[in-house]
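Trainee: One file is attached below, work.csv, containing CSV, C-alpha atoms and all ligand atoms.
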```
chain,number,residue,atom,x,y,z
A,823,MET,CA,23.0,0.0,-14.8
A,824,ARG,CA,20.7,-3.0,-14.9
A,825,ALA,CA,17.0,-2.0,-15.0
A,826,ILE,CA,13.7,-3.7,-15.7
A,827,SER,CA,11.6,-1.7,-18.1
A,828,TYR,CA,8.6,-1.9,-20.4
A,829,GLN,CA,7.9,-0.1,-23.7
A,830,ARG,CA,4.1,-1.0,-23.9
A,831,PRO,CA,1.4,-2.0,-21.5
A,832,GLY,CA,0.7,-5.7,-21.2
A,833,GLY,CA,1.3,-8.9,-19.1
A,834,PRO,CA,4.4,-9.7,-17.1
A,835,ASP,CA,6.2,-10.6,-20.3
A,836,VAL,CA,6.5,-7.0,-21.4
A,837,LEU,CA,9.1,-6.6,-18.6
A,838,GLU,CA,12.6,-6.7,-20.0
A,839,LEU,CA,16.0,-6.6,-18.4
A,840,THR,CA,17.9,-3.7,-20.0
A,841,ASP,CA,21.2,-1.9,-19.6
A,842,ARG,CA,20.7,1.9,-19.1
A,843,PRO,CA,22.9,4.9,-18.3
A,844,VAL,CA,22.9,5.7,-14.6
A,845,PRO,CA,20.4,8.6,-14.2
A,846,GLU,CA,21.6,11.9,-12.9
A,847,PRO,CA,19.4,13.7,-10.3
A,848,GLY,CA,18.0,17.0,-11.3
A,849,PRO,CA,17.4,20.0,-8.9
A,850,GLY,CA,15.7,18.8,-5.7
A,851,GLU,CA,16.3,15.2,-6.5
A,852,VAL,CA,18.5,12.4,-5.2
A,853,ARG,CA,19.8,9.2,-6.8
A,854,VAL,CA,19.3,6.1,-4.6
A,855,ARG,CA,21.3,2.9,-5.1
A,856,LEU,CA,18.7,0.4,-4.4
A,857,ALA,CA,18.9,-2.8,-2.4
A,858,PHE,CA,15.2,-4.0,-2.6
A,859,SER,CA,12.2,-3.0,-4.7
A,860,GLY,CA,8.7,-3.7,-3.3
A,861,VAL,CA,6.0,-5.0,-5.5
A,862,ASN,CA,2.3,-4.0,-5.0
A,863,PRO,CA,-0.8,-4.6,-7.0
A,864,THR,CA,-0.6,-1.1,-8.3
A,865,ASP,CA,2.6,-2.0,-10.1
A,866,TRP,CA,1.1,-4.8,-12.2
A,867,LYS,CA,-2.1,-2.7,-12.8
A,868,SER,CA,0.0,0.2,-14.1
A,869,ARG,CA,2.1,-2.2,-16.2
A,870,SER,CA,-1.2,-3.7,-17.7
A,871,ASN,CA,-2.9,-0.4,-18.5
A,872,ALA,CA,-0.6,2.6,-18.7
A,873,THR,CA,1.3,3.5,-21.9
A,874,PRO,CA,4.9,4.4,-21.0
A,875,GLY,CA,6.7,7.5,-22.3
A,876,PRO,CA,9.1,7.3,-25.2
A,877,ASP,CA,12.0,6.0,-23.1
A,878,GLY,CA,9.9,3.2,-21.5
A,879,GLN,CA,8.9,2.8,-17.8
A,880,ILE,CA,10.8,1.2,-15.0
A,881,PRO,CA,8.1,-0.3,-12.8
A,882,ASN,CA,7.5,-0.4,-9.0
A,883,GLN,CA,6.8,2.4,-6.6
A,884,ASP,CA,8.5,1.2,-3.4
A,885,GLY,CA,12.1,0.6,-2.6
A,886,ALA,CA,15.0,1.0,-0.2
A,887,GLY,CA,18.6,1.7,-0.6
A,888,THR,CA,21.4,4.3,-0.1
A,889,ILE,CA,21.5,7.9,-1.4
A,890,GLU,CA,24.6,8.2,-3.5
A,891,VAL,CA,24.3,11.5,-5.3
A,892,VAL,CA,22.2,14.6,-4.6
A,893,GLY,CA,21.0,17.2,-7.1
A,894,GLN,CA,21.2,21.0,-6.9
A,895,GLY,CA,19.6,22.4,-3.8
A,896,VAL,CA,19.7,19.1,-1.8
A,897,ASP,CA,21.9,18.9,1.3
A,898,PRO,CA,25.0,16.8,0.5
A,899,VAL,CA,24.9,15.5,4.0
A,900,LEU,CA,22.3,13.0,2.8
A,901,VAL,CA,24.9,11.1,0.7
A,902,GLY,CA,25.4,7.7,2.3
A,903,GLU,CA,22.1,7.7,4.2
A,904,ARG,CA,20.0,4.5,4.1
A,905,VAL,CA,16.5,5.4,3.0
A,906,TRP,CA,13.1,4.1,2.0
A,907,VAL,CA,11.5,5.5,-1.1
A,908,TRP,CA,7.8,6.1,-1.8
A,909,GLU,CA,5.9,6.6,-5.1
A,910,ALA,CA,9.1,6.5,-7.3
A,911,ALA,CA,7.2,5.6,-10.4
A,912,TYR,CA,4.1,7.8,-9.9
A,913,GLN,CA,4.0,10.0,-13.0
A,914,ARG,CA,7.7,9.4,-13.4
A,915,PRO,CA,9.7,6.9,-15.6
A,916,TRP,CA,12.1,5.9,-12.8
A,917,GLY,CA,10.6,3.1,-10.7
A,918,THR,CA,12.5,0.9,-8.3
A,919,ALA,CA,13.1,-2.2,-10.4
A,920,ALA,CA,16.6,-1.1,-11.2
A,921,GLU,CA,20.0,-0.7,-9.6
A,922,CYS,CA,19.3,3.0,-9.1
A,923,THR,CA,16.4,5.3,-9.1
A,924,VAL,CA,16.0,9.1,-9.1
A,925,VAL,CA,13.3,10.7,-7.0
A,926,PRO,CA,12.6,14.1,-5.4
A,927,ALA,CA,14.4,14.2,-2.1
A,928,ARG,CA,11.2,14.5,-0.1
A,929,GLN,CA,10.2,11.0,-1.4
A,930,THR,CA,13.1,9.5,0.5
A,931,VAL,CA,12.8,8.8,4.2
A,932,LEU,CA,15.8,8.1,6.6
A,933,LEU,CA,15.8,4.5,7.7
A,934,GLY,CA,18.7,4.8,10.1
A,935,ALA,CA,21.2,2.0,10.7
A,936,ALA,CA,19.1,-0.8,12.2
A,937,PRO,CA,15.9,-1.3,10.1
A,938,SER,CA,16.4,-3.7,7.2
A,939,PHE,CA,16.2,-2.7,3.5
A,940,GLU,CA,13.6,-5.5,3.2
A,941,LEU,CA,11.4,-3.6,5.7
A,942,GLY,CA,12.1,-0.3,4.0
A,943,ALA,CA,11.0,-1.6,0.6
A,944,ALA,CA,7.7,-3.0,2.1
A,945,LEU,CA,6.6,0.3,3.6
A,946,GLY,CA,5.4,2.8,1.0
A,947,ILE,CA,2.2,1.9,-0.7
A,948,PRO,CA,0.7,-0.5,2.0
A,949,PHE,CA,1.7,1.5,5.1
A,950,LEU,CA,0.8,5.0,3.7
A,951,THR,CA,-2.5,3.6,2.6
A,952,ALA,CA,-3.1,2.0,6.0
A,953,HIS,CA,-2.3,5.3,7.7
A,954,ARG,CA,-4.8,7.2,5.6
A,955,CYS,CA,-7.5,4.5,6.4
A,956,LEU,CA,-6.8,4.8,10.1
A,957,THR,CA,-7.1,8.6,10.2
A,958,VAL,CA,-10.0,9.6,8.0
A,959,ALA,CA,-12.7,9.2,10.6
A,960,GLU,CA,-14.1,12.5,12.0
A,961,SER,CA,-13.7,11.1,15.5
A,962,LEU,CA,-10.1,10.0,15.2
A,963,PRO,CA,-6.8,12.0,15.3
A,964,ASP,CA,-5.0,12.7,12.1
A,965,ARG,CA,-1.8,11.3,13.6
A,966,ILE,CA,-0.9,7.7,14.5
A,967,GLY,CA,1.4,7.1,17.5
A,968,PRO,CA,1.5,5.3,20.8
A,969,GLY,CA,-1.7,5.9,22.6
A,970,SER,CA,-3.4,7.8,19.7
A,971,LEU,CA,-6.1,5.1,19.4
A,972,THR,CA,-6.4,4.1,23.0
A,973,GLY,CA,-10.0,3.0,23.8
A,974,ARG,CA,-10.7,2.7,20.0
A,975,THR,CA,-11.6,-0.3,18.0
A,976,VAL,CA,-10.6,-0.9,14.4
A,977,LEU,CA,-11.9,-3.5,12.0
A,978,VAL,CA,-9.4,-4.6,9.3
A,979,GLN,CA,-11.2,-6.5,6.6
A,980,GLY,CA,-8.6,-8.7,5.0
A,981,GLY,CA,-6.1,-8.9,7.8
A,982,ALA,CA,-3.6,-11.1,5.9
A,983,GLY,CA,-3.2,-8.7,3.0
A,984,ALA,CA,-0.3,-6.3,2.6
A,985,VAL,CA,-2.4,-3.2,3.5
A,986,GLY,CA,-4.4,-5.2,6.1
A,987,ASN,CA,-1.1,-6.2,7.8
A,988,ALA,CA,0.1,-2.6,7.8
A,989,ALA,CA,-3.2,-1.5,9.2
A,990,ILE,CA,-3.0,-4.0,12.0
A,991,GLN,CA,0.6,-3.2,12.9
A,992,LEU,CA,0.0,0.6,12.9
A,993,ALA,CA,-3.3,0.3,14.8
A,994,ARG,CA,-1.7,-1.9,17.5
A,995,TRP,CA,1.2,0.5,17.8
A,996,ALA,CA,-1.4,3.2,18.4
A,997,ASP,CA,-3.0,1.0,21.2
A,998,ALA,CA,-6.2,0.3,19.4
A,999,THR,CA,-8.2,-2.9,19.8
A,1000,VAL,CA,-7.9,-4.6,16.5
A,1001,VAL,CA,-10.4,-7.0,14.9
A,1002,ALA,CA,-9.3,-8.6,11.6
A,1003,THR,CA,-11.1,-10.8,9.2
A,1004,VAL,CA,-9.5,-13.6,7.1
A,1005,SER,CA,-10.6,-16.5,5.0
A,1006,SER,CA,-8.5,-19.4,6.4
A,1007,PRO,CA,-6.7,-20.7,9.5
A,1008,ASP,CA,-3.3,-20.0,8.0
A,1009,LYS,CA,-4.3,-16.4,7.3
A,1010,ALA,CA,-5.8,-16.2,10.8
A,1011,GLN,CA,-2.3,-17.0,12.2
A,1012,LEU,CA,-0.8,-14.3,10.1
A,1013,ALA,CA,-3.3,-11.7,11.2
A,1014,ALA,CA,-2.7,-12.7,14.9
A,1015,ALA,CA,1.1,-12.5,14.3
A,1016,ALA,CA,0.7,-9.0,13.0
A,1017,GLY,CA,-1.0,-8.1,16.3
A,1018,ALA,CA,-4.7,-8.5,15.8
A,1019,ASP,CA,-6.5,-8.9,19.1
A,1020,HIS,CA,-9.4,-10.8,17.6
A,1021,VAL,CA,-9.4,-12.7,14.3
A,1022,VAL,CA,-12.7,-13.7,12.5
A,1023,ASN,CA,-12.9,-16.2,9.7
A,1024,TYR,CA,-15.4,-14.6,7.5
A,1025,ARG,CA,-16.1,-17.8,5.7
A,1026,GLU,CA,-17.1,-19.6,8.9
A,1027,GLN,CA,-18.2,-17.0,11.4
A,1028,ASP,CA,-20.8,-14.3,11.6
A,1029,VAL,CA,-18.6,-11.2,11.3
A,1030,VAL,CA,-21.2,-8.8,12.6
A,1031,ALA,CA,-21.9,-10.9,15.7
A,1032,GLU,CA,-18.1,-11.4,16.4
A,1033,VAL,CA,-17.4,-7.7,16.0
A,1034,ARG,CA,-20.3,-6.7,18.3
A,1035,LYS,CA,-18.9,-9.0,21.0
A,1036,VAL,CA,-15.8,-6.8,21.0
A,1037,ALA,CA,-17.3,-3.5,20.3
A,1038,ALA,CA,-21.0,-3.4,21.4
A,1039,LYS,CA,-21.5,0.2,20.1
A,1040,GLY,CA,-19.6,-0.4,16.9
A,1041,VAL,CA,-16.0,0.3,15.7
A,1042,ASP,CA,-14.3,3.6,15.0
A,1043,ALA,CA,-12.7,2.7,11.7
A,1044,ILE,CA,-13.0,0.0,9.1
A,1045,VAL,CA,-10.1,-0.6,6.8
A,1046,GLU,CA,-12.0,-2.1,3.9
A,1047,VAL,CA,-10.4,-4.2,1.1
A,1048,SER,CA,-13.7,-5.3,-0.5
A,1049,ALA,CA,-16.5,-2.7,0.0
A,1050,ALA,CA,-18.6,-4.3,-2.7
A,1051,VAL,CA,-18.8,-7.5,-0.8
A,1052,ASN,CA,-18.6,-6.2,2.8
A,1053,ALA,CA,-20.7,-3.0,2.7
A,1054,GLY,CA,-23.6,-4.6,4.4
A,1055,ILE,CA,-21.5,-5.9,7.3
A,1056,ASP,CA,-19.6,-2.6,7.6
A,1057,ALA,CA,-22.9,-0.7,7.7
A,1058,GLN,CA,-24.0,-2.8,10.7
A,1059,VAL,CA,-20.8,-2.4,12.7
A,1060,ILE,CA,-19.6,1.1,12.1
A,1061,GLY,CA,-19.9,3.2,15.3
A,1062,LEU,CA,-20.8,6.8,16.0
A,1063,HIS,CA,-18.7,9.2,13.8
A,1064,GLY,CA,-16.7,6.2,12.5
A,1065,ALA,CA,-15.4,5.8,9.0
A,1066,VAL,CA,-15.4,3.0,6.5
A,1067,ALA,CA,-12.2,3.6,4.4
A,1068,MET,CA,-12.5,1.9,1.0
A,1069,TYR,CA,-9.1,1.4,-0.6
A,1070,ALA,CA,-9.7,-1.3,-3.2
A,1071,ASP,CA,-12.1,-1.4,-6.1
A,1072,ASP,CA,-12.7,-5.2,-6.5
A,1073,GLY,CA,-11.9,-4.8,-10.2
A,1074,GLY,CA,-14.5,-2.2,-10.8
A,1075,ALA,CA,-17.4,-3.3,-8.6
A,1076,GLU,CA,-20.1,-1.0,-7.3
A,1077,VAL,CA,-21.1,-0.5,-3.7
A,1078,THR,CA,-24.6,-0.3,-2.2
A,1079,ILE,CA,-24.9,1.5,1.1
A,1080,PRO,CA,-28.1,1.7,3.3
A,1081,VAL,CA,-28.4,5.4,3.6
A,1082,ARG,CA,-30.6,5.8,6.7
A,1083,ALA,CA,-28.6,3.2,8.7
A,1084,GLN,CA,-25.4,5.3,8.0
A,1085,MET,CA,-27.1,8.6,8.8
A,1086,MET,CA,-27.8,7.4,12.3
A,1087,PRO,CA,-24.2,7.3,13.4
A,1088,ASN,CA,-23.1,10.1,11.1
A,1089,ALA,CA,-20.8,7.6,9.5
A,1090,ARG,CA,-18.3,8.6,6.9
A,1091,TRP,CA,-17.7,6.4,3.8
A,1092,GLN,CA,-14.3,7.5,2.6
A,1093,PHE,CA,-12.6,6.6,-0.7
A,1094,VAL,CA,-8.9,6.3,-0.4
A,1095,LEU,CA,-6.2,6.4,-3.1
A,1096,VAL,CA,-2.8,6.9,-1.8
A,1097,TYR,CA,-1.5,8.9,-4.7
A,1098,THR,CA,-4.0,11.6,-4.5
A,1099,GLU,CA,-4.6,11.9,-0.8
A,1100,PRO,CA,-4.3,15.5,0.6
A,1101,ALA,CA,-0.6,16.6,0.7
A,1102,ARG,CA,-0.7,17.3,4.5
A,1103,ALA,CA,-2.1,13.8,5.2
A,1104,LYS,CA,0.7,12.3,3.1
A,1105,VAL,CA,3.3,14.2,5.0
A,1106,LEU,CA,1.9,13.1,8.4
A,1107,ALA,CA,1.6,9.5,7.1
A,1108,VAL,CA,5.3,9.4,6.1
A,1109,GLU,CA,6.4,10.9,9.4
A,1110,ASP,CA,4.2,8.5,11.5
A,1111,VAL,CA,5.1,5.4,9.5
A,1112,ASN,CA,8.8,6.2,9.9
A,1113,ALA,CA,8.3,6.8,13.6
A,1114,ALA,CA,6.7,3.4,13.9
A,1115,VAL,CA,9.7,1.9,12.1
A,1116,GLN,CA,12.2,3.7,14.4
A,1117,ASP,CA,10.1,2.5,17.4
A,1118,GLY,CA,10.6,-1.1,16.2
A,1119,ALA,CA,6.8,-1.4,16.0
A,1120,VAL,CA,6.7,-2.3,12.3
A,1121,ARG,CA,8.2,-5.5,11.0
A,1122,VAL,CA,8.2,-7.9,8.0
A,1123,GLY,CA,8.4,-11.7,7.8
A,1124,ARG,CA,6.1,-14.5,8.8
A,1125,GLU,CA,6.6,-13.7,12.5
A,1126,ALA,CA,5.0,-10.3,11.7
A,1127,GLY,CA,2.2,-11.8,9.6
A,1128,LEU,CA,3.9,-10.8,6.4
A,1129,PRO,CA,5.9,-13.7,4.8
A,1130,LEU,CA,8.6,-12.4,2.4
A,1131,HIS,CA,8.9,-13.7,-1.2
A,1132,VAL,CA,12.1,-12.5,-2.8
A,1133,PHE,CA,13.0,-12.6,-6.5
A,1134,PRO,CA,16.2,-11.5,-8.2
A,1135,LEU,CA,16.0,-8.4,-10.5
A,1136,ALA,CA,16.1,-10.5,-13.7
A,1137,ARG,CA,12.9,-12.3,-12.4
A,1138,THR,CA,10.8,-9.2,-11.8
A,1139,ALA,CA,8.2,-10.5,-14.2
A,1140,ASP,CA,7.8,-13.5,-11.9
A,1141,ALA,CA,7.5,-11.1,-8.9
A,1142,HIS,CA,4.7,-9.3,-10.7
A,1143,ARG,CA,3.0,-12.6,-11.5
A,1144,ALA,CA,3.2,-13.6,-7.9
A,1145,VAL,CA,1.4,-10.4,-6.8
A,1146,GLN,CA,-1.1,-10.7,-9.6
A,1147,ASP,CA,-1.8,-14.3,-8.5
A,1148,GLY,CA,-2.5,-13.2,-4.9
A,1149,ALA,CA,0.7,-14.1,-3.1
A,1150,VAL,CA,0.2,-14.0,0.6
A,1151,GLY,CA,2.7,-11.7,2.2
A,1152,LYS,CA,5.2,-9.3,0.7
A,1153,VAL,CA,6.8,-9.7,-2.7
A,1154,LEU,CA,10.3,-8.1,-3.0
A,1155,VAL,CA,12.8,-7.8,-5.8
A,1156,ASP,CA,16.5,-8.1,-4.7
A,1157,VAL,CA,18.0,-5.7,-7.2
A,1158,THR,CA,21.5,-6.6,-6.3
A,1159,ALA,CA,21.0,-10.3,-7.0
B,1201,LIG,N1,-6.3,2.8,-2.9
B,1201,LIG,C1,-5.0,2.7,-2.7
B,1201,LIG,O1,-4.3,3.7,-2.5
B,1201,LIG,C2,-4.5,1.3,-2.6
B,1201,LIG,C3,-3.3,1.0,-1.9
B,1201,LIG,C4,-2.8,-0.2,-1.8
B,1201,LIG,C5,-3.6,-1.3,-2.4
B,1201,LIG,N2,-4.7,-1.0,-3.0
B,1201,LIG,C6,-5.5,-2.1,-3.6
B,1201,LIG,O2,-6.0,-2.9,-2.5
B,1201,LIG,C7,-6.1,-4.2,-2.9
B,1201,LIG,C8,-5.3,-5.1,-1.9
B,1201,LIG,O3,-4.0,-4.7,-1.9
B,1201,LIG,P1,-2.9,-5.6,-1.1
B,1201,LIG,O4,-1.6,-5.2,-1.5
B,1201,LIG,O5,-3.2,-5.5,0.4
B,1201,LIG,O6,-3.3,-7.0,-1.6
B,1201,LIG,P2,-3.1,-8.5,-1.0
B,1201,LIG,O7,-1.9,-8.6,-0.2
B,1201,LIG,O8,-3.3,-9.5,-2.0
B,1201,LIG,O9,-4.3,-8.6,0.1
B,1201,LIG,C9,-5.7,-8.6,-0.3
B,1201,LIG,C10,-6.4,-9.3,0.9
B,1201,LIG,O10,-7.8,-9.1,0.8
B,1201,LIG,C11,-8.4,-10.3,1.3
B,1201,LIG,N3,-9.8,-10.2,0.8
B,1201,LIG,C12,-10.3,-10.4,-0.4
B,1201,LIG,N4,-11.6,-10.3,-0.4
B,1201,LIG,C13,-12.0,-10.1,0.9
B,1201,LIG,C14,-13.3,-10.0,1.5
B,1201,LIG,N5,-14.4,-10.0,0.8
B,1201,LIG,N6,-13.3,-9.8,2.9
B,1201,LIG,C15,-12.1,-9.8,3.6
B,1201,LIG,N7,-10.9,-9.9,3.0
B,1201,LIG,C16,-10.9,-10.1,1.7
B,1201,LIG,C17,-7.6,-11.4,0.7
B,1201,LIG,O11,-7.7,-12.6,1.3
B,1201,LIG,P3,-8.9,-13.6,1.1
B,1201,LIG,O12,-9.3,-13.5,-0.4
B,1201,LIG,O13,-8.3,-15.0,1.4
B,1201,LIG,O14,-9.9,-13.2,2.0
B,1201,LIG,C18,-6.2,-10.8,0.9
B,1201,LIG,O15,-5.6,-11.2,2.1
B,1201,LIG,C19,-5.6,-4.3,-4.3
B,1201,LIG,O16,-6.7,-4.3,-5.2
B,1201,LIG,C20,-4.8,-3.1,-4.5
B,1201,LIG,O17,-4.7,-2.6,-5.8
B,1201,LIG,C21,-5.2,0.2,-3.2
```
Can you dump the structure from the file as C-alpha cells?
Mentor:
Amino acid sequence: MRAISYQRPGGPDVLELTDRPVPEPGPGEVRVRLAFSGVNPTDWKSRSNATPGPDGQIPNQDGAGTIEVVGQGVDPVLVGERVWVWEAAYQRPWGTAAECTVVPARQTVLLGAAPSFELGAALGIPFLTAHRCLTVAESLPDRIGPGSLTGRTVLVQGGAGAVGNAAIQLARWADATVVATVSSPDKAQLAAAAGADHVVNYREQDVVAEVRKVAAKGVDAIVEVSAAVNAGIDAQVIGLHGAVAMYADDGGAEVTIPVRAQMMPNARWQFVLVYTEPARAKVLAVEDVNAAVQDGAVRVGREAGLPLHVFPLARTADAHRAVQDGAVGKVLVDVTA
C-alpha cells in the first residue's frame, strides 16, 4: 500500500511516499481502508520532535474510511462499516496518512451511511478536545447533548480555529449561548457560520466589556487557545464555578493568574491534553461527538465556518506545511488521490 512515513524527526521534507505491506490487525484491532486523513498541529509537532521507531512513523492521528478486516476477538459484523478513527498514531506507528491503518477497534466510531468521510476525518483531535473543554467546569454536566447547556454561556477564544470551531458547534448543539473571539472580519464570518451568537474582534473591541454585555455575571466555560495572552481577560469574565480550559501552550509560554480574583468565583483553571484525559471522559466525548454527527449538528466546509483544504496523499508534506503555517479551516489528505 502507499503510505507516507518518516524515519527521523524534522521539517515537512522528512515525509516520504513509501510502498509498504498492508498491515494485519492484531487481537482487538481492525484494519481501516482510509478515504481521508485529517491533519492537526499535533501531527507536525510530533513529526518535528519525536523520534520514530525502527520501522518509521506514519503520521496523522485522525482519519475516516471503511473497516475491511477485523482481528481476533472483534465482531466480524464490523467489516464494511464506515468509521472515523481517533488517535491512530498515538504511541503507535500506524497513522492515517496511508491507504490503510490498523487501530484498536475501540478507536473506530461508526459513521453510518450519510456523514461524509471528510467530516469523519475532521472530528478526532479538535472535537474530542472541544468536548473536554466544555465539560470540565464543576458547574457543568460531563455530557454534551441537546439542552445540556441551556441557560449557560461559553466563551470560545479563537473561534475560527479548528478546536474553536468544534467548540462552537458542540456548544450550540447543546443550546449554550456562545461568544467567540476572532482577529478579522473574515474570521468573524466563519465563527458566526459555525453558530456563535456573538462574535468579538479582539483586535478592535474590548473583549471583557463585550462578554459582560452578554453574560453580566460571567461565563460558565472558556475554551482557551492562548492562555498566556488572554489570562487577564479570562480572569475578569469567568463566572461562579466556571472553568477556563487551556488546551494550547503558545509554544511554551507561561501564564499569570490573579489568585484572589479567581478564588472569589471558585473558578477552575484546567489544563487539557486530549491524549491523557481521563478514560471515562474520553469515552463520553467519543459518544457525544458521534451523537452530534448523527444529529446533523456538526458539519465541515466554509458554510460551517471550517473551510476545507484537501491535498493528495503524495503531497502530505504540503498539508503539514499548511497547518504549520496557520491555514484557516481544516486540512485533509485525500489518501485515494
Ligand atoms: N491540548 C490538546 O489536546 C490540543 C488539541 C488540539 C489542538 N491543540 C493545540 O491548540 C492549538 C490550536 O489548534 P487548532 O487546530 O485549533 O489550530 P488553528 O486551527 O490554527 O486555530 C488556532 C486559532 O487560534 C487563534 N488565536 C491565536 N491567538 C489568539 C488569541 N490570543 N486570542 C484569540 N484567538 C487566538 C487563531 O486566530 P488569530 O491568530 O487570527 O486570532 C486561530 O484561529 C495548537 O497549538 C494545537 O497544537 C491542543
Trainee: Using all atoms listed in the file and a cutoff of 12 Å, can you tell me which residues are near (-5.8, -8.3, 1.6) in the file's coordinates, and write them out as a ChimeraX atom specification?
Mentor: /A:862-863,948,952,978-990,1002-1005,1009,1012-1013,1045-1048,1069-1070,1072,1127-1128,1145,1148-1152
Trainee: Would you mind listing what lies within 7 Å of A:Met823 as a PyMOL selection string, with only C-alpha atoms counted and same-chain residues fewer than 5 positions away left out?
Mentor: chain A and resi 841-844+921
Trainee: Please report the interatomic distance between atom CA of A:Arg914 and atom CA of A:Ala1114 in Å with one decimal.
Mentor: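 Separation between atom CA of A:Arg914 and atom CA of A:Ala1114: 28.0 Å.
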Trainee: With all atoms listed in the file as the basis for distance, which of A:Val1120, A:Leu950, A:Leu992, A:Val1021 is at the shortest distance from A:Glu1099?
Mentor: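 Of A:Val1120, A:Leu950, A:Leu992, A:Val1021, the one nearest A:Glu1099 is A:Leu950, counting all atoms listed in the file.
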Trainee: Looking at A:Gly875, A:Gly885, A:Gly860, A:Gly833, which one is nearest to ligand LIG 1201 (chain B), with distances taken over all atoms listed in the file?
Mentor: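 Going through A:Gly875, A:Gly885, A:Gly860, A:Gly833 one by one, the smallest distance to ligand LIG 1201 (chain B) is for A:Gly860.
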Trainee: Do a neighbour search on A:Trp916 at 8 Å with only C-alpha atoms, toss out local chain neighbours closer than 4 positions, and write the hits as a list in words.
Mentor: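 With the cut-off at 8 Å, the set is Gln879, Ile880, Pro881, Ala910, Ala911, Thr923, Val924 and Val925 of chain A.
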Trainee: Using only C-alpha atoms and all ligand atoms for the distances, tell me which of A:Val854, A:Leu945, A:Ala1031, A:Ala1057 is nearest to ligand LIG 1201 (chain B).
Mentor: A:Leu945
Trainee: Using all atoms listed in the file, can you tell me which of A:Asp1056, A:Asp997, A:Glu851, A:Asp1110 comes closest to ligand LIG 1201 (chain B)?
Mentor: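 Closest candidate: A:Asp1056.
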